[in-house]
Amino acid sequence: MENSWVSLLPFIVVIPIAVLTKQVLPGLFAGLILGSYLIQPDLFGGIITLISYLINNLVKPNNIRIIIFLYVFAGLINLTRMTGGIKGFVDLVSRKVKTKRSAMLLIWLSTIGTFNNPNFRIVTVAPIMKLLKRRLPISTQKIGFMIEVTSNPVVALVPVATAFVGYMVSLIGTALQQVGINESPYSIFIKSIPFNFFSLIIIGIGIYYSFFREMSNHMQGDMIEDSDAQREEEELQKCMQAYEKETPSKPLNLLLPLGIILVMTLYLSWRNGQAQAISFFDAFVKADALGVMLEALFVTLFLSLLLFLLQRFSVAKIVAHFIDGGNELVSVILMLALVWALSAVSEDLGFSSYIASNLIGWIPETFIAPVVFILGSFIAYFIGSSWGTWGLLMPLAVTLAHQTGSNIILVIGAVFASGTFGAFASPLSDNSITLCAILDLPVMEYARSKLKPSLIAAGITTILFGIASLFI
């Protein structure tokens, strides 16, 4: 199709609809419908085109692999809940913490076993801290802030064994393919991690407030008396979404699967990439990341199933909980399918070429990364989704960087930093909503309390992107 301003329409439609509805899916779907009818402008032609783009992009090998990974990973995590892994972890650590400093240290150390998914981390750690808060003089606001600092910002920096890695690598791969770059998406992702400045800065702020300074407390009725321990235990059980009432306490049912998937991912990455590598660390860059993570996940799943069966958990219960866990990510899988299809539609409409010939001069090369971060942060705050922001912004940002000659790795870092800001700061974030539900915090009041440190981190991040753009 001839390049024109029409190629911008799908993305122009996506962002305002996502902001107005506070949902990413309606915006993506509207953009895909519009793009499909622009390509085939008749009553049924647009629908046929839409279906064709969805199917053609779903059946691509890498896309199928990421969908399988997300579904199986979520199912495995749900099995660790059902078999008492999370309950056992709670029982294991809750008796060890006696002081505020040790409570803060527990929050940070617990990332070792729960770094794979922000919501998984929240439903694991928040109930533990809720109980400890009743025994120690710690504000609920501070507990919530520290748990969130060590959730999405940390997970976004971990290059292996998380639910984020496959999605982030997939988005990079799609965007690179759109502009004709054939480099390894995983190696680009690894190189972009140091440029997720927001994650690094907000983690630093979290460490400062954890161990060196108290946070101001604006919550009403935050300090609760220590009496009636039995009632506290009952409330903990009610808010504990991670395990059922009758579940046994088996910490190894959580620690073993997490340990296996981490070790297998590292080993299989080295094994897969060593033939093409010139050094030990180069093997991890050369490895087929999506394939390796999927292999490691299935090895972990098989060994975990054997472990659970030996513990006499019924096959019917295992199957039911595995499916329930996988189904929790159906909305994410749908979002991915729409992102892939929309990117393909926009490219066929001549999006990249039009950007190259008409819009490049509007933004100086040195301002691409800061502008991408500011735009992405605005979008992310109003839709509350890091994944949604990354999916919306990545194609546009990579195209702008490629056509202006800006550093693509830096700009990709800006995209990830902006989505992390939204997931952390927005009151619409599913992380914040889940956390507030468990800790009994008012969502809007809690969101306002963390807005100041979030904006400070965002301001420093913008400056760093400006400086980095001058020297890289």
# chains A, B, ... in the order shown; residues from 1 in each chain; ligands from 1

call {"tool": "closest_atom_pairs", "arguments": {"of": "region 408-443 of chain A", "to": "region 136-155 of chain A", "cutoff": "7 Å", "atoms": "only C-alpha atoms", "output": "tab-separated table"}}
result
residue	atom	partner	partner_atom	distance
A:Thr420	CA	A:Pro153	CA	6.0
A:Ala423	CA	A:Asn152	CA	7.0
A:Phe424	CA	A:Glu148	CA	6.7
A:Leu435	CA	A:Gly144	CA	6.8

call {"tool": "atom_distance", "arguments": {"atom1": "CA of Leu70 (chain A)", "atom2": "CA of Tyr167 (chain A)"}}
result
8.6 Å

call {"tool": "select_by_dssp", "arguments": {"residues": "region 35-97 of chain A", "states": "helix (DSSP H, G or I)", "output": "NGL selection string"}}
result
:A and (35-39 or 45-58 or 61-82 or 85-94)

call {"tool": "closest_residue", "arguments": {"among": "A:Tyr186, A:Phe471, A:Phe115, A:Phe198", "to": "Ser454 (chain A)", "atoms": "only C-alpha atoms"}}
result
A:Phe198

call {"tool": "closest_residue", "arguments": {"among": "A:Trp340, A:Phe302, A:Tyr446, A:Tyr267", "to": "Leu54 (chain A)", "atoms": "only C-alpha atoms"}}
result
A:Trp340

call {"tool": "residues_around", "arguments": {"residues": "Pro61 (chain A)", "least_positions_apart": "5", "cutoff": "12 Å", "atoms": "only C-alpha atoms", "output": "NGL selection string"}}
result
:A and (56 or 66-68 or 170 or 290-291)

call {"tool": "write_last_selection", "arguments": {"atoms": "N, CA, C and O atoms", "output": "mmCIF file, in the first residue's frame"}}
result
data_model
loop_
_atom_site.group_PDB
_atom_site.id
_atom_site.type_symbol
_atom_site.label_atom_id
_atom_site.label_comp_id
_atom_site.auth_asym_id
_atom_site.auth_seq_id
_atom_site.Cartn_x
_atom_site.Cartn_y
_atom_site.Cartn_z
ATOM 1 N N ASN A 56 -2.445 -15.715 10.972
ATOM 2 C CA ASN A 56 -1.092 -15.777 10.403
ATOM 3 C C ASN A 56 -0.008 -15.433 11.418
ATOM 4 O O ASN A 56 1.087 -15.985 11.369
ATOM 5 N N ILE A 66 5.820 -18.561 22.803
ATOM 6 C CA ILE A 66 5.602 -17.668 23.925
ATOM 7 C C ILE A 66 4.228 -17.892 24.547
ATOM 8 O O ILE A 66 4.051 -17.823 25.764
ATOM 9 N N ILE A 67 3.236 -18.211 23.735
ATOM 10 C CA ILE A 67 1.898 -18.491 24.267
ATOM 11 C C ILE A 67 1.930 -19.752 25.129
ATOM 12 O O ILE A 67 1.365 -19.788 26.231
ATOM 13 N N ILE A 68 2.578 -20.793 24.634
ATOM 14 C CA ILE A 68 2.686 -22.035 25.407
ATOM 15 C C ILE A 68 3.439 -21.789 26.713
ATOM 16 O O ILE A 68 3.040 -22.265 27.780
ATOM 17 N N SER A 170 9.720 -11.152 22.841
ATOM 18 C CA SER A 170 8.811 -11.252 21.700
ATOM 19 C C SER A 170 8.505 -9.882 21.109
ATOM 20 O O SER A 170 8.503 -9.697 19.889
ATOM 21 N N LEU A 290 13.842 -18.264 23.752
ATOM 22 C CA LEU A 290 12.473 -18.749 23.888
ATOM 23 C C LEU A 290 12.432 -20.271 23.930
ATOM 24 O O LEU A 290 11.729 -20.873 24.754
ATOM 25 N N GLY A 291 13.192 -20.895 23.043
ATOM 26 C CA GLY A 291 13.216 -22.355 23.017
ATOM 27 C C GLY A 291 13.782 -22.928 24.305
ATOM 28 O O GLY A 291 13.251 -23.904 24.850
#

call {"tool": "residues_around", "arguments": {"residues": "region 308-314 of chain A", "least_positions_apart": "4", "cutoff": "8 Å", "atoms": "only C-alpha atoms", "output": "ChimeraX atom specification"}}
result
/A:83,253,304,318

call {"tool": "atom_distance", "arguments": {"atom1": "CA of Ala103 (chain A)", "atom2": "CA of Arg121 (chain A)"}}
result
15.7 Å

call {"tool": "atom_distance", "arguments": {"atom1": "CA of Leu294 (chain A)", "atom2": "CA of Pro159 (chain A)"}}
result
14.3 Å

call {"tool": "residues_around", "arguments": {"residues": "Asn119 (chain A)", "least_positions_apart": "2", "cutoff": "12 Å", "atoms": "only C-alpha atoms", "output": "JSON, numbers by chain"}}
result
{"A": [74, 77, 114, 115, 116, 117, 121, 122, 123, 124, 125, 126, 147, 148, 150, 151, 152, 155, 162, 163, 164, 241, 242, 328, 329, 423, 429, 430, 431, 432, 433, 434, 435, 436, 438]}

call {"tool": "decode", "arguments": {"residues": "region 7-31 of chain A", "atoms": "N, CA and C atoms", "output": "PDB file, in the first residue's frame"}}
result
ATOM      1  N   SER A   7      -1.479   5.412   7.433  1.00  0.00           N
ATOM      2  CA  SER A   7      -0.797   4.334   8.152  1.00  0.00           C
ATOM      3  C   SER A   7      -0.671   4.615   9.642  1.00  0.00           C
ATOM      4  N   LEU A   8      -0.845   5.883  10.042  1.00  0.00           N
ATOM      5  CA  LEU A   8      -0.766   6.234  11.462  1.00  0.00           C
ATOM      6  C   LEU A   8      -2.076   5.974  12.204  1.00  0.00           C
ATOM      7  N   LEU A   9      -3.181   5.869  11.474  1.00  0.00           N
ATOM      8  CA  LEU A   9      -4.498   5.820  12.106  1.00  0.00           C
ATOM      9  C   LEU A   9      -4.677   4.686  13.117  1.00  0.00           C
ATOM     10  N   PRO A  10      -4.224   3.461  12.810  1.00  0.00           N
ATOM     11  CA  PRO A  10      -4.413   2.409  13.825  1.00  0.00           C
ATOM     12  C   PRO A  10      -3.803   2.751  15.174  1.00  0.00           C
ATOM     13  N   PHE A  11      -2.578   3.310  15.190  1.00  0.00           N
ATOM     14  CA  PHE A  11      -1.953   3.663  16.457  1.00  0.00           C
ATOM     15  C   PHE A  11      -2.590   4.914  17.067  1.00  0.00           C
ATOM     16  N   ILE A  12      -3.044   5.854  16.218  1.00  0.00           N
ATOM     17  CA  ILE A  12      -3.719   7.045  16.737  1.00  0.00           C
ATOM     18  C   ILE A  12      -5.003   6.659  17.456  1.00  0.00           C
ATOM     19  N   VAL A  13      -5.674   5.626  16.962  1.00  0.00           N
ATOM     20  CA  VAL A  13      -6.910   5.150  17.581  1.00  0.00           C
ATOM     21  C   VAL A  13      -6.631   4.387  18.873  1.00  0.00           C
ATOM     22  N   VAL A  14      -5.563   3.599  18.879  1.00  0.00           N
ATOM     23  CA  VAL A  14      -5.290   2.703  20.003  1.00  0.00           C
ATOM     24  C   VAL A  14      -5.096   3.464  21.311  1.00  0.00           C
ATOM     25  N   ILE A  15      -4.238   4.460  21.305  1.00  0.00           N
ATOM     26  CA  ILE A  15      -3.832   5.097  22.563  1.00  0.00           C
ATOM     27  C   ILE A  15      -4.976   5.830  23.261  1.00  0.00           C
ATOM     28  N   PRO A  16      -5.749   6.711  22.577  1.00  0.00           N
ATOM     29  CA  PRO A  16      -6.838   7.384  23.302  1.00  0.00           C
ATOM     30  C   PRO A  16      -7.918   6.436  23.800  1.00  0.00           C
ATOM     31  N   ILE A  17      -8.235   5.403  23.037  1.00  0.00           N
ATOM     32  CA  ILE A  17      -9.245   4.445  23.493  1.00  0.00           C
ATOM     33  C   ILE A  17      -8.741   3.692  24.716  1.00  0.00           C
ATOM     34  N   ALA A  18      -7.462   3.315  24.702  1.00  0.00           N
ATOM     35  CA  ALA A  18      -6.892   2.624  25.864  1.00  0.00           C
ATOM     36  C   ALA A  18      -6.913   3.521  27.093  1.00  0.00           C
ATOM     37  N   VAL A  19      -6.608   4.816  26.908  1.00  0.00           N
ATOM     38  CA  VAL A  19      -6.610   5.743  28.037  1.00  0.00           C
ATOM     39  C   VAL A  19      -8.032   5.987  28.542  1.00  0.00           C
ATOM     40  N   LEU A  20      -8.980   6.194  27.629  1.00  0.00           N
ATOM     41  CA  LEU A  20     -10.362   6.490  28.027  1.00  0.00           C
ATOM     42  C   LEU A  20     -11.032   5.304  28.707  1.00  0.00           C
ATOM     43  N   THR A  21     -10.807   4.103  28.184  1.00  0.00           N
ATOM     44  CA  THR A  21     -11.448   2.913  28.755  1.00  0.00           C
ATOM     45  C   THR A  21     -10.653   2.325  29.907  1.00  0.00           C
ATOM     46  N   LYS A  22      -9.395   2.809  30.070  1.00  0.00           N
ATOM     47  CA  LYS A  22      -8.485   2.260  31.087  1.00  0.00           C
ATOM     48  C   LYS A  22      -8.237   0.771  30.858  1.00  0.00           C
ATOM     49  N   GLN A  23      -8.384   0.358  29.624  1.00  0.00           N
ATOM     50  CA  GLN A  23      -8.148  -1.029  29.227  1.00  0.00           C
ATOM     51  C   GLN A  23      -7.373  -1.034  27.918  1.00  0.00           C
ATOM     52  N   VAL A  24      -6.374  -1.895  27.802  1.00  0.00           N
ATOM     53  CA  VAL A  24      -5.562  -1.944  26.592  1.00  0.00           C
ATOM     54  C   VAL A  24      -6.276  -2.703  25.476  1.00  0.00           C
ATOM     55  N   LEU A  25      -6.972  -3.778  25.825  1.00  0.00           N
ATOM     56  CA  LEU A  25      -7.569  -4.639  24.809  1.00  0.00           C
ATOM     57  C   LEU A  25      -8.544  -3.907  23.881  1.00  0.00           C
ATOM     58  N   PRO A  26      -9.464  -3.069  24.393  1.00  0.00           N
ATOM     59  CA  PRO A  26     -10.363  -2.366  23.459  1.00  0.00           C
ATOM     60  C   PRO A  26      -9.608  -1.480  22.472  1.00  0.00           C
ATOM     61  N   GLY A  27      -8.554  -0.803  22.940  1.00  0.00           N
ATOM     62  CA  GLY A  27      -7.776   0.039  22.045  1.00  0.00           C
ATOM     63  C   GLY A  27      -7.079  -0.757  20.966  1.00  0.00           C
ATOM     64  N   LEU A  28      -6.453  -1.867  21.353  1.00  0.00           N
ATOM     65  CA  LEU A  28      -5.783  -2.716  20.365  1.00  0.00           C
ATOM     66  C   LEU A  28      -6.770  -3.273  19.349  1.00  0.00           C
ATOM     67  N   PHE A  29      -7.919  -3.716  19.846  1.00  0.00           N
ATOM     68  CA  PHE A  29      -8.918  -4.305  18.954  1.00  0.00           C
ATOM     69  C   PHE A  29      -9.463  -3.256  17.983  1.00  0.00           C
ATOM     70  N   ALA A  30      -9.719  -2.036  18.488  1.00  0.00           N
ATOM     71  CA  ALA A  30     -10.211  -0.970  17.617  1.00  0.00           C
ATOM     72  C   ALA A  30      -9.172  -0.630  16.550  1.00  0.00           C
ATOM     73  N   GLY A  31      -7.897  -0.558  16.954  1.00  0.00           N
ATOM     74  CA  GLY A  31      -6.846  -0.275  15.986  1.00  0.00           C
ATOM     75  C   GLY A  31      -6.730  -1.352  14.926  1.00  0.00           C
TER      76      GLY A  31
END
